[in-house]
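Asker: Quick one, my_file_34.txt (compact mmCIF, C-alpha atoms):
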```txt
# COMPACT_ATOMS: atom_id res chain seq x y z
CA MET M 1 12.03 30.88 -23.68
CA ASP M 2 13.65 28.27 -21.47
CA ILE M 3 10.88 26.47 -19.63
CA ASP M 4 11.57 23.17 -18.01
CA ILE M 5 8.40 21.07 -17.85
CA SER M 6 10.05 17.72 -17.61
CA GLY M 7 9.17 16.60 -14.13
CA ALA M 8 10.46 16.56 -10.60
CA ARG M 9 14.20 16.95 -10.31
CA ILE M 10 16.11 14.01 -8.87
CA PHE M 11 18.62 15.31 -6.39
CA PHE M 12 20.71 12.25 -5.77
CA GLU M 13 20.51 8.49 -5.87
CA LEU M 14 21.36 6.36 -2.89
CA PRO M 15 23.05 3.09 -3.88
CA ILE M 16 20.45 1.04 -1.98
CA ASP M 17 18.90 -1.32 -4.48
CA LEU M 18 15.19 -1.97 -4.05
CA PRO M 19 14.06 -5.30 -5.56
CA LEU M 20 11.84 -4.13 -8.45
CA LEU M 21 12.31 -0.40 -8.50
CA GLY M 22 16.03 0.07 -8.83
CA PRO M 23 18.17 2.51 -6.86
CA LEU M 24 16.55 4.74 -4.25
CA ARG M 25 16.16 8.22 -5.73
CA ILE M 26 15.76 11.28 -3.56
CA SER M 27 13.66 13.56 -5.76
CA GLU M 28 12.09 16.95 -5.29
CA THR M 29 8.74 15.24 -4.74
CA LEU M 30 10.08 13.36 -1.72
CA LEU M 31 11.65 16.42 -0.10
CA VAL M 32 8.60 18.62 -0.53
CA SER M 33 6.41 15.78 0.76
CA TRP M 34 8.46 15.77 3.96
CA LEU M 35 7.93 19.51 4.20
CA VAL M 36 4.18 18.95 3.77
CA ILE M 37 4.23 16.37 6.56
CA LEU M 38 5.99 18.86 8.85
CA VAL M 39 3.50 21.61 7.97
CA VAL M 40 0.43 19.44 8.60
CA THR M 41 1.85 18.05 11.86
CA GLY M 42 2.83 21.54 13.01
CA LEU M 43 -0.63 22.86 12.18
CA CYS M 44 -2.30 20.04 14.11
CA MET M 45 -0.05 20.53 17.12
CA TRP M 46 -0.61 24.28 17.11
CA LEU M 47 -4.38 23.91 16.83
CA THR M 48 -4.70 21.39 19.64
CA HIS M 49 -2.31 22.41 22.37
CA ASP M 50 -3.75 23.85 25.59
CA LEU M 51 -7.38 22.79 25.20
CA LYS M 52 -9.97 23.88 27.77
CA THR M 53 -13.59 22.93 28.37
CA GLU M 54 -14.84 26.44 29.21
CA ASN M 55 -13.89 29.86 27.87
CA ILE M 56 -12.27 28.44 24.77
CA SER M 57 -9.96 30.50 22.60
CA LYS M 58 -10.64 31.24 18.95
CA ARG M 59 -7.96 28.74 17.97
CA GLN M 60 -9.83 25.98 19.80
CA ALA M 61 -13.11 27.04 18.17
CA VAL M 62 -11.49 26.65 14.75
CA ALA M 63 -10.10 23.25 15.72
CA GLU M 64 -13.53 22.09 16.94
CA MET M 65 -15.15 23.33 13.74
CA LEU M 66 -12.67 21.38 11.60
CA VAL M 67 -13.22 18.18 13.59
CA GLU M 68 -16.97 18.61 13.36
CA MET M 69 -16.80 19.13 9.58
CA ALA M 70 -14.69 15.99 9.16
CA ASN M 71 -17.02 13.94 11.37
CA ASN M 72 -20.14 15.14 9.57
CA PHE M 73 -18.60 14.47 6.17
CA VAL M 74 -17.52 10.91 6.88
CA VAL M 75 -20.39 9.79 9.11
CA GLY M 76 -22.94 11.57 6.92
CA ASN M 77 -21.78 9.70 3.84
CA MET M 78 -20.88 6.33 5.30
CA GLY M 79 -23.03 5.84 8.37
CA GLU M 80 -22.23 5.69 12.06
CA LYS M 81 -20.36 2.39 12.00
CA PHE M 82 -17.54 3.86 9.90
CA ARG M 83 -16.53 6.48 12.43
CA TYR M 84 -13.05 4.98 12.55
CA PHE M 85 -12.43 6.25 9.03
CA VAL M 86 -12.53 9.90 10.06
CA PRO M 87 -8.78 10.23 10.88
CA PHE M 88 -7.74 8.61 7.61
CA VAL M 89 -10.02 10.72 5.42
CA ALA M 90 -9.23 13.94 7.28
CA GLY M 91 -5.48 13.23 7.08
CA LEU M 92 -5.73 12.49 3.36
CA PHE M 93 -7.67 15.71 2.75
CA ALA M 94 -5.22 17.82 4.76
CA THR M 95 -2.19 16.28 3.03
CA SER M 96 -3.74 16.74 -0.38
CA VAL M 97 -4.75 20.37 0.18
CA VAL M 98 -1.38 21.37 1.65
CA SER M 99 0.47 19.50 -1.13
CA ASN M 100 -1.54 21.25 -3.81
CA LEU M 101 -1.23 24.69 -2.26
CA ILE M 102 2.49 24.46 -1.51
CA GLY M 103 3.01 25.19 -5.20
CA LEU M 104 2.07 28.77 -4.40
CA LEU M 105 5.29 29.14 -2.42
CA GLY M 106 7.44 28.40 -5.45
CA LEU M 107 8.14 24.75 -4.63
CA ARG M 108 7.02 22.01 -6.97
CA SER M 109 3.84 20.39 -5.61
CA PRO M 110 4.45 16.75 -4.76
CA THR M 111 1.05 16.05 -6.29
CA ALA M 112 2.36 17.16 -9.68
CA ASP M 113 4.15 13.80 -9.71
CA LEU M 114 2.00 10.77 -10.45
CA ALA M 115 3.79 8.73 -7.79
CA THR M 116 2.04 10.57 -4.94
CA GLU M 117 -1.49 10.11 -6.22
CA PHE M 118 -0.78 6.57 -7.33
CA ALA M 119 0.32 5.67 -3.82
CA TRP M 120 -2.88 7.11 -2.34
CA ALA M 121 -4.99 5.33 -4.96
CA VAL M 122 -3.31 1.99 -4.20
CA VAL M 123 -4.04 2.44 -0.49
CA VAL M 124 -7.68 3.29 -1.23
CA PHE M 125 -7.97 0.32 -3.60
CA ILE M 126 -6.70 -2.03 -0.91
CA MET M 127 -9.23 -0.58 1.53
CA ILE M 128 -12.10 -1.03 -0.92
CA THR M 129 -11.09 -4.60 -1.68
CA ALA M 130 -10.69 -5.37 2.04
CA GLN M 131 -14.18 -4.02 2.67
CA LYS M 132 -15.64 -6.16 -0.10
CA ILE M 133 -13.89 -9.25 1.21
CA LYS M 134 -15.09 -8.46 4.73
CA VAL M 135 -18.69 -8.38 3.49
CA GLY M 136 -18.77 -11.37 1.17
CA GLY M 137 -15.64 -13.40 1.83
CA VAL M 138 -12.97 -14.10 -0.78
CA GLY M 139 -15.29 -16.46 -2.68
CA GLY M 140 -18.05 -13.87 -2.75
CA TYR M 141 -15.58 -11.22 -3.94
CA LEU M 142 -14.40 -13.39 -6.84
CA LEU M 143 -17.94 -14.43 -7.69
CA ASP M 144 -19.02 -10.79 -7.89
CA PHE M 145 -16.96 -10.44 -11.03
CA THR M 146 -19.26 -12.87 -12.84
CA LYS M 147 -22.37 -11.18 -11.53
CA PRO M 148 -24.63 -10.26 -14.50
CA ILE M 149 -23.19 -12.75 -17.01
CA PRO M 150 -19.93 -14.74 -16.66
CA ILE M 151 -18.85 -13.48 -20.09
CA LEU M 152 -18.58 -9.98 -18.63
CA ALA M 153 -15.88 -11.01 -16.12
CA PRO M 154 -12.89 -9.32 -17.90
CA PHE M 155 -14.86 -6.09 -18.25
CA ASN M 156 -15.77 -6.19 -14.57
CA VAL M 157 -12.10 -6.65 -13.64
CA LEU M 158 -11.18 -3.74 -15.91
CA SER M 159 -13.83 -1.53 -14.41
CA GLU M 160 -12.61 -2.48 -10.94
CA LEU M 161 -9.06 -1.45 -11.85
CA ALA M 162 -10.30 1.74 -13.47
CA THR M 163 -11.40 3.05 -10.09
CA PRO M 164 -8.00 3.73 -8.49
CA ILE M 165 -6.41 4.63 -11.84
CA GLY M 166 -9.16 7.16 -12.52
CA MET M 167 -8.89 8.67 -9.06
CA ALA M 168 -5.12 9.04 -9.33
CA PHE M 169 -5.15 10.43 -12.87
CA ARG M 170 -7.97 12.88 -12.21
CA HIS M 171 -6.07 14.48 -9.34
CA PHE M 172 -2.69 14.30 -11.08
CA GLY M 173 -3.99 15.67 -14.39
CA ASN M 174 -5.69 18.64 -12.81
CA ILE M 175 -2.66 19.64 -10.73
CA LEU M 176 -0.11 19.00 -13.50
CA SER M 177 -2.11 20.99 -16.01
CA GLY M 178 -2.19 23.87 -13.54
CA VAL M 179 1.60 23.71 -13.11
CA VAL M 180 2.26 23.56 -16.87
CA ILE M 181 -0.18 26.29 -17.80
CA ASN M 182 1.26 28.56 -15.11
CA ALA M 183 4.81 27.92 -16.35
CA LEU M 184 3.81 28.63 -19.95
CA LEU M 185 1.94 31.78 -18.97
CA TYR M 186 4.89 33.14 -16.96
CA ALA M 187 7.30 32.41 -19.80
CA ALA M 188 5.04 33.92 -22.46
CA LEU M 189 4.43 37.08 -20.44
CA ALA M 190 8.17 37.41 -19.75
CA VAL M 191 8.92 37.20 -23.48
CA ALA M 192 6.15 39.70 -24.23
CA SER M 193 7.34 42.15 -21.60
CA SER M 194 10.97 41.92 -22.73
CA ALA M 195 9.88 42.53 -26.33
CA LEU M 196 7.73 45.47 -25.26
CA LEU M 197 10.27 47.09 -22.97
CA GLY M 198 13.12 46.39 -25.37
CA MET M 199 11.57 48.90 -27.72
CA LEU M 200 12.65 51.72 -25.37
CA PRO M 201 15.80 53.33 -26.76
CA GLY M 202 19.32 52.65 -25.53
CA VAL M 203 20.48 51.34 -22.17
CA LEU M 204 17.10 51.96 -20.49
CA GLY M 205 15.53 49.50 -22.89
CA ASP M 206 18.27 46.93 -22.37
CA VAL M 207 18.04 47.05 -18.60
CA LEU M 208 14.27 47.16 -18.35
CA ALA M 209 13.89 44.31 -20.82
CA GLN M 210 15.36 41.95 -18.22
CA ILE M 211 12.52 42.66 -15.77
CA PRO M 212 9.34 40.69 -16.60
CA ILE M 213 6.92 43.48 -15.68
CA LEU M 214 3.91 41.86 -17.36
CA ASP M 215 4.32 38.84 -15.06
CA VAL M 216 2.57 40.75 -12.29
CA GLY M 217 -1.19 40.44 -12.20
CA VAL M 218 -2.41 38.15 -14.97
CA PRO M 219 -0.89 34.87 -13.69
CA ALA M 220 -2.38 35.66 -10.27
CA ILE M 221 -5.87 35.58 -11.77
CA THR M 222 -5.42 32.23 -13.50
CA SER M 223 -3.70 30.96 -10.38
CA VAL M 224 -6.90 31.56 -8.41
CA TYR M 225 -8.57 28.86 -10.47
CA PHE M 226 -5.65 26.52 -11.05
CA ASP M 227 -4.16 26.56 -7.58
CA TRP M 228 -6.89 27.46 -5.13
CA VAL M 229 -10.14 26.21 -6.66
CA SER M 230 -8.68 23.22 -8.46
CA GLY M 231 -6.41 22.21 -5.57
CA VAL M 232 -9.09 22.21 -2.88
CA LEU M 233 -11.78 20.78 -5.18
CA GLN M 234 -9.64 17.87 -6.37
CA ALA M 235 -8.65 17.00 -2.79
CA PHE M 236 -12.32 17.08 -1.82
CA ILE M 237 -13.29 14.90 -4.78
CA PHE M 238 -10.58 12.34 -3.97
CA CYS M 239 -11.86 12.05 -0.40
CA MET M 240 -15.49 12.00 -1.51
CA LEU M 241 -14.80 9.17 -3.95
CA THR M 242 -12.89 7.23 -1.29
CA VAL M 243 -15.78 7.54 1.13
CA MET M 244 -18.41 6.67 -1.45
CA PHE M 245 -16.62 3.62 -2.81
CA ILE M 246 -15.98 2.18 0.63
CA ALA M 247 -19.58 2.81 1.66
CA ASN M 248 -20.78 1.14 -1.55
CA ALA M 249 -18.51 -1.83 -0.99
CA ALA M 250 -19.85 -2.29 2.52
CA ALA M 251 -23.48 -1.95 1.46
CA GLU M 252 -23.41 -4.65 -1.16
CA GLU M 253 -25.50 -7.44 0.25
CA MET B 1 22.88 10.71 -42.56
CA GLU B 2 19.70 11.28 -44.52
CA PHE B 3 17.84 8.43 -42.86
CA GLN B 4 18.55 9.78 -39.38
CA PHE B 5 17.06 13.15 -40.30
CA LEU B 6 14.03 11.57 -41.88
CA ALA B 7 13.43 9.34 -38.85
CA LYS B 8 13.68 12.28 -36.45
CA GLY B 9 11.38 14.34 -38.64
CA ILE B 10 8.76 11.62 -38.75
CA ALA B 11 8.99 11.11 -34.98
CA LEU B 12 8.50 14.81 -34.26
CA ALA B 13 5.67 15.06 -36.77
CA GLY B 14 4.00 12.08 -35.16
CA CYS B 15 4.26 13.71 -31.72
CA ALA B 16 2.73 16.94 -32.95
CA LEU B 17 -0.11 15.25 -34.81
CA GLY B 18 -0.81 12.98 -31.86
CA ALA B 19 -1.00 15.94 -29.51
CA GLY B 20 -3.52 17.64 -31.75
CA ILE B 21 -5.66 14.54 -32.04
CA ALA B 22 -5.45 13.91 -28.30
CA LEU B 23 -7.01 17.26 -27.52
CA ILE B 24 -10.15 16.38 -29.47
CA ALA B 25 -11.06 14.68 -26.20
CA GLY B 26 -11.99 18.12 -24.92
CA VAL B 27 -15.29 17.94 -26.79
CA GLY B 28 -16.81 15.41 -24.40
CA PRO B 29 -16.69 17.32 -21.11
CA GLY B 30 -17.74 20.49 -22.92
CA ILE B 31 -20.99 18.93 -24.07
CA GLY B 32 -21.60 16.98 -20.88
CA GLU B 33 -20.95 19.84 -18.50
CA GLY B 34 -23.02 22.19 -20.62
CA GLN B 35 -25.91 19.79 -20.25
CA ALA B 36 -25.33 19.53 -16.50
CA VAL B 37 -25.40 23.29 -16.13
CA ALA B 38 -28.58 23.44 -18.20
CA SER B 39 -30.31 21.00 -15.86
CA ALA B 40 -29.04 22.93 -12.85
CA LEU B 41 -30.43 26.17 -14.25
CA GLU B 42 -33.75 24.53 -14.91
CA ALA B 43 -33.87 23.22 -11.34
CA ILE B 44 -33.06 26.63 -9.92
CA GLY B 45 -35.70 28.20 -12.10
CA ARG B 46 -38.24 25.78 -10.81
CA GLN B 47 -37.27 26.16 -7.14
CA PRO B 48 -35.16 29.25 -6.42
CA GLU B 49 -34.51 28.50 -2.76
CA CYS B 50 -32.38 25.40 -3.46
CA LYS B 51 -29.78 27.43 -5.33
CA GLY B 52 -26.89 26.75 -2.92
CA ASP B 53 -27.34 22.97 -2.88
CA VAL B 54 -27.82 22.72 -6.62
CA THR B 55 -24.80 24.89 -7.34
CA SER B 56 -22.40 22.92 -5.15
CA THR B 57 -23.65 19.58 -6.49
CA MET B 58 -23.26 20.87 -10.02
CA ILE B 59 -19.68 21.98 -9.41
CA LEU B 60 -18.85 18.60 -7.90
CA GLY B 61 -20.39 16.79 -10.86
CA CYS B 62 -18.55 18.98 -13.34
CA ALA B 63 -15.21 18.31 -11.69
CA LEU B 64 -15.90 14.58 -11.92
CA ALA B 65 -16.98 14.74 -15.56
CA GLU B 66 -13.82 16.68 -16.40
CA THR B 67 -11.75 13.50 -15.98
CA THR B 68 -11.69 12.25 -19.55
CA GLY B 69 -10.90 15.73 -20.83
CA ILE B 70 -7.95 15.86 -18.46
CA TYR B 71 -6.77 12.45 -19.73
CA GLY B 72 -6.58 13.89 -23.26
CA PHE B 73 -4.94 17.08 -22.05
CA VAL B 74 -2.20 15.29 -20.12
CA THR B 75 -1.55 13.02 -23.10
CA GLY B 76 -1.19 16.08 -25.33
CA LEU B 77 1.16 17.73 -22.81
CA LEU B 78 3.33 14.62 -22.62
CA LEU B 79 3.50 14.39 -26.41
CA VAL B 80 4.56 17.98 -26.80
CA PHE B 81 7.03 18.33 -23.96
CA VAL B 82 8.34 14.93 -22.92
CA ALA B 83 8.13 12.69 -26.01
CA PRO B 84 10.40 14.68 -28.39
CA GLY B 85 13.24 14.62 -25.86
CA SER B 86 12.99 10.89 -25.35
CA PHE B 87 12.63 10.25 -29.09
CA MET B 88 15.73 12.29 -29.82
CA ASN B 89 17.62 10.26 -27.23
CA LEU B 90 16.34 7.05 -28.80
CA LEU B 91 17.23 8.00 -32.33
CA GLY B 92 20.65 9.38 -31.44
```
Using structure tokens, write down the structure from this file.
Answerer:
Amino acid sequence: MDIDISGARIFFELPIDLPLLGPLRISETLLVSWLVILVVTGLCMWLTHDLKTENISKRQAVAEMLVEMANNFVVGNMGEKFRYFVPFVAGLFATSVVSNLIGLLGLRSPTADLATEFAWAVVVFIMITAQKIKVGGVGGYLLDFTKPIPILAPFNVLSELATPIGMAFRHFGNILSGVVINALLYAALAVASSALLGMLPGVLGDVLAQIPILDVGVPAITSVYFDWVSGVLQAFIFCMLTVMFIANAAAEE
Amino acid sequence: MEFQFLAKGIALAGCALGAGIALIAGVGPGIGEGQAVASALEAIGRQPECKGDVTSTMILGCALAETTGIYGFVTGLLLVFVAPGSFMNLLG
């Protein structure tokens, strides 16, 4: 059983030296992320070319439905004045869903690497902090940490940092556990099928033992939960948490 | 060298034990989500026409409560698959 669950493969390192992070590494995560960008951009361009006001095609109806869902989601949860957040949240959701589902094509999902989710969580954390500072000013933001009792200030800081870390780890953990469990299941079924088919006598047994017959069917059922349900649900939860935290930060008077 | 073997053995044993202890974290979401589903069932029993809303809210809440269980699971995975390799590199 030779499973490799060590992480994204690094293809090559460019000798450009970034200040804190070391040499620039081109890893599998980066390449598949570029593919995800191309897919999402291509999808958007295909859905929105040739728009008409009357006699719309089915493609345009789907595009209008998606835009309406995004608008309702963001404005329904945050209020009318946050309409400018719709492109960001919709883009994040689309990137996350396509990244999670691209694992079905045999590539390694870029979201199975903590770097992707951590980057999104840092962006969301900056947005939440900016919203809090916009409401109360920098002094008000710092004073909020001493709100119930000044003694609780370290715990408030910790709980503030737990927000982006929790969001990143929730998404990463769900997707990584799906990847690992799928890899283990495929390997175990391959070993089982080679043991089973190896019991056939002679050359037939030797040849058939190389084909992992039992790999067809069972991993597809677990993949329905781990890839489809978990992928879409975790993307939705990430966006829902983003929207709720920013709305909360803006509502604190 | 005897000491090298012993050190590697202890490191691997530590990884395995740690992975087992880490997965005890699965108890929490099990209890919590069971309670959430119980409340959802009670609500549906009381008002059958709100089944769709209650179900989707329950699924959302369960996915959120799953977080700490996933923390333990990922820690266990790292201890079983990634830590032995790096320990063997460290101990030579």
Asker: Specify as an NGL selection string all residues of chain M found within 8 Å of chain B, counting only C-alpha atoms.
Answerer: :M and (5-6 or 166 or 169-170 or 173-174 or 176-177 or 233-234 or 237)
Asker: Could you give me the centre and size, in Å to one decimal, of an axis-aligned box around all listed atoms of range 21-30 of chain B with 4 Å added on every side, as AutoDock Vina command-line options?
Answerer:
```
--center_x -11.6 --center_y 17.2 --center_z -26.6 --size_x 20.3 --size_y 14.6 --size_z 18.9
```
Asker: Can you pull out the residues contacting range 100-107 of chain M? Cut-off 7 Å, using only C-alpha atoms, and skip same-chain residues under 3 positions away; I want them as number ranges by chain.
Answerer: M: 96-97, 111, 227-228, 231
Asker: Quick one: residues within 12 Å of Gly34 in chain B, all atoms listed in the file, excluding same-chain residues fewer than 3 positions away - as a PyMOL selection string?
Answerer: chain B and resi 27-31+37-41+58-59+61-62+65-66
Asker: Please compute the CA of Leu90 in chain B-CA of Glu2 in chain B distance, one decimal, in Å.
Answerer: 16.6 Å
Asker: In Å, rounded to a single decimal, give me how far CA of Val179 in chain M is from CA of Ile213 in chain M.
Answerer: 20.6 Å
Asker: Between CA of Pro19 in chain M and CA of Leu114 in chain M, measure the distance and give it in Å to one decimal.
Answerer: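 Those two atoms sit 20.7 Å apart.
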Asker: Using all atoms listed in the file, which of the listed residues (B:Gly45, B:Lys51, B:Gly20, B:Ala11) sits closest to Asn89 in chain B?
Answerer: B:Ala11
Asker: What's the 8 Å shell around range 137-146 of chain M, counting only C-alpha atoms, without same-chain residues fewer than 6 positions away, as a ChimeraX atom specification?
Answerer: /M:152-153,156-157
Asker: Please tell me which residues are no farther than 12 Å from (-19.1, 13.2, 7.8) in the file, counting all atoms listed in the file, and write them as a ChimeraX atom specification.
Answerer: /M:66-87,89-90,239-240,243-244
Asker: Find the residues near Gly76 in chain B: any atom within 6 Å, counting only C-alpha atoms, skip ones fewer than 3 places away on the same chain, and give them as number ranges by chain.
Answerer: B: 19, 22, 73, 79
Asker: For Gly9 in chain B, please output as a PyMOL selection string all residues within 12 Å (counting only C-alpha atoms; exclusion window: fewer than 5 positions along the same chain).
Answerer: chain B and resi 2-4+14-16+84+87-88+91
Asker: Suppose we keep C-alpha atoms; can you now write the selection as a PDB file, in the coordinates of the input?
Answerer:
```
ATOM      1  CA  GLU B   2      19.700  11.280 -44.520  1.00  0.00           C
ATOM      2  CA  PHE B   3      17.840   8.430 -42.860  1.00  0.00           C
ATOM      3  CA  GLN B   4      18.550   9.780 -39.380  1.00  0.00           C
ATOM      4  CA  GLY B  14       4.000  12.080 -35.160  1.00  0.00           C
ATOM      5  CA  CYS B  15       4.260  13.710 -31.720  1.00  0.00           C
ATOM      6  CA  ALA B  16       2.730  16.940 -32.950  1.00  0.00           C
ATOM      7  CA  PRO B  84      10.400  14.680 -28.390  1.00  0.00           C
ATOM      8  CA  PHE B  87      12.630  10.250 -29.090  1.00  0.00           C
ATOM      9  CA  MET B  88      15.730  12.290 -29.820  1.00  0.00           C
ATOM     10  CA  LEU B  91      17.230   8.000 -32.330  1.00  0.00           C
TER      11      LEU B  91
END
```
Asker: With distances taken over all atoms listed in the file, which residue among M:Ala220, M:Ala8, M:Ile151, M:Ala63 lies nearest Trp46 in chain M?
Answerer: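 So, comparing all the options, the nearest one is M:Ala63.
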Asker: From the list M:Val224, M:Ile175, M:Met167, M:Ile26, which residue is nearest Leu14 in chain M when using all atoms listed in the file?
Answerer: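 Result for the nearest residue to Leu14 in chain M: M:Ile26.
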Asker: Which residue gives the smallest distance to Glu13 in chain M among M:Ser27, M:Asn55, M:Asn182, M:Thr48, with all atoms listed in the file counted?
Answerer: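 That would be M:Ser27, the residue with the smallest distance to Glu13 in chain M.
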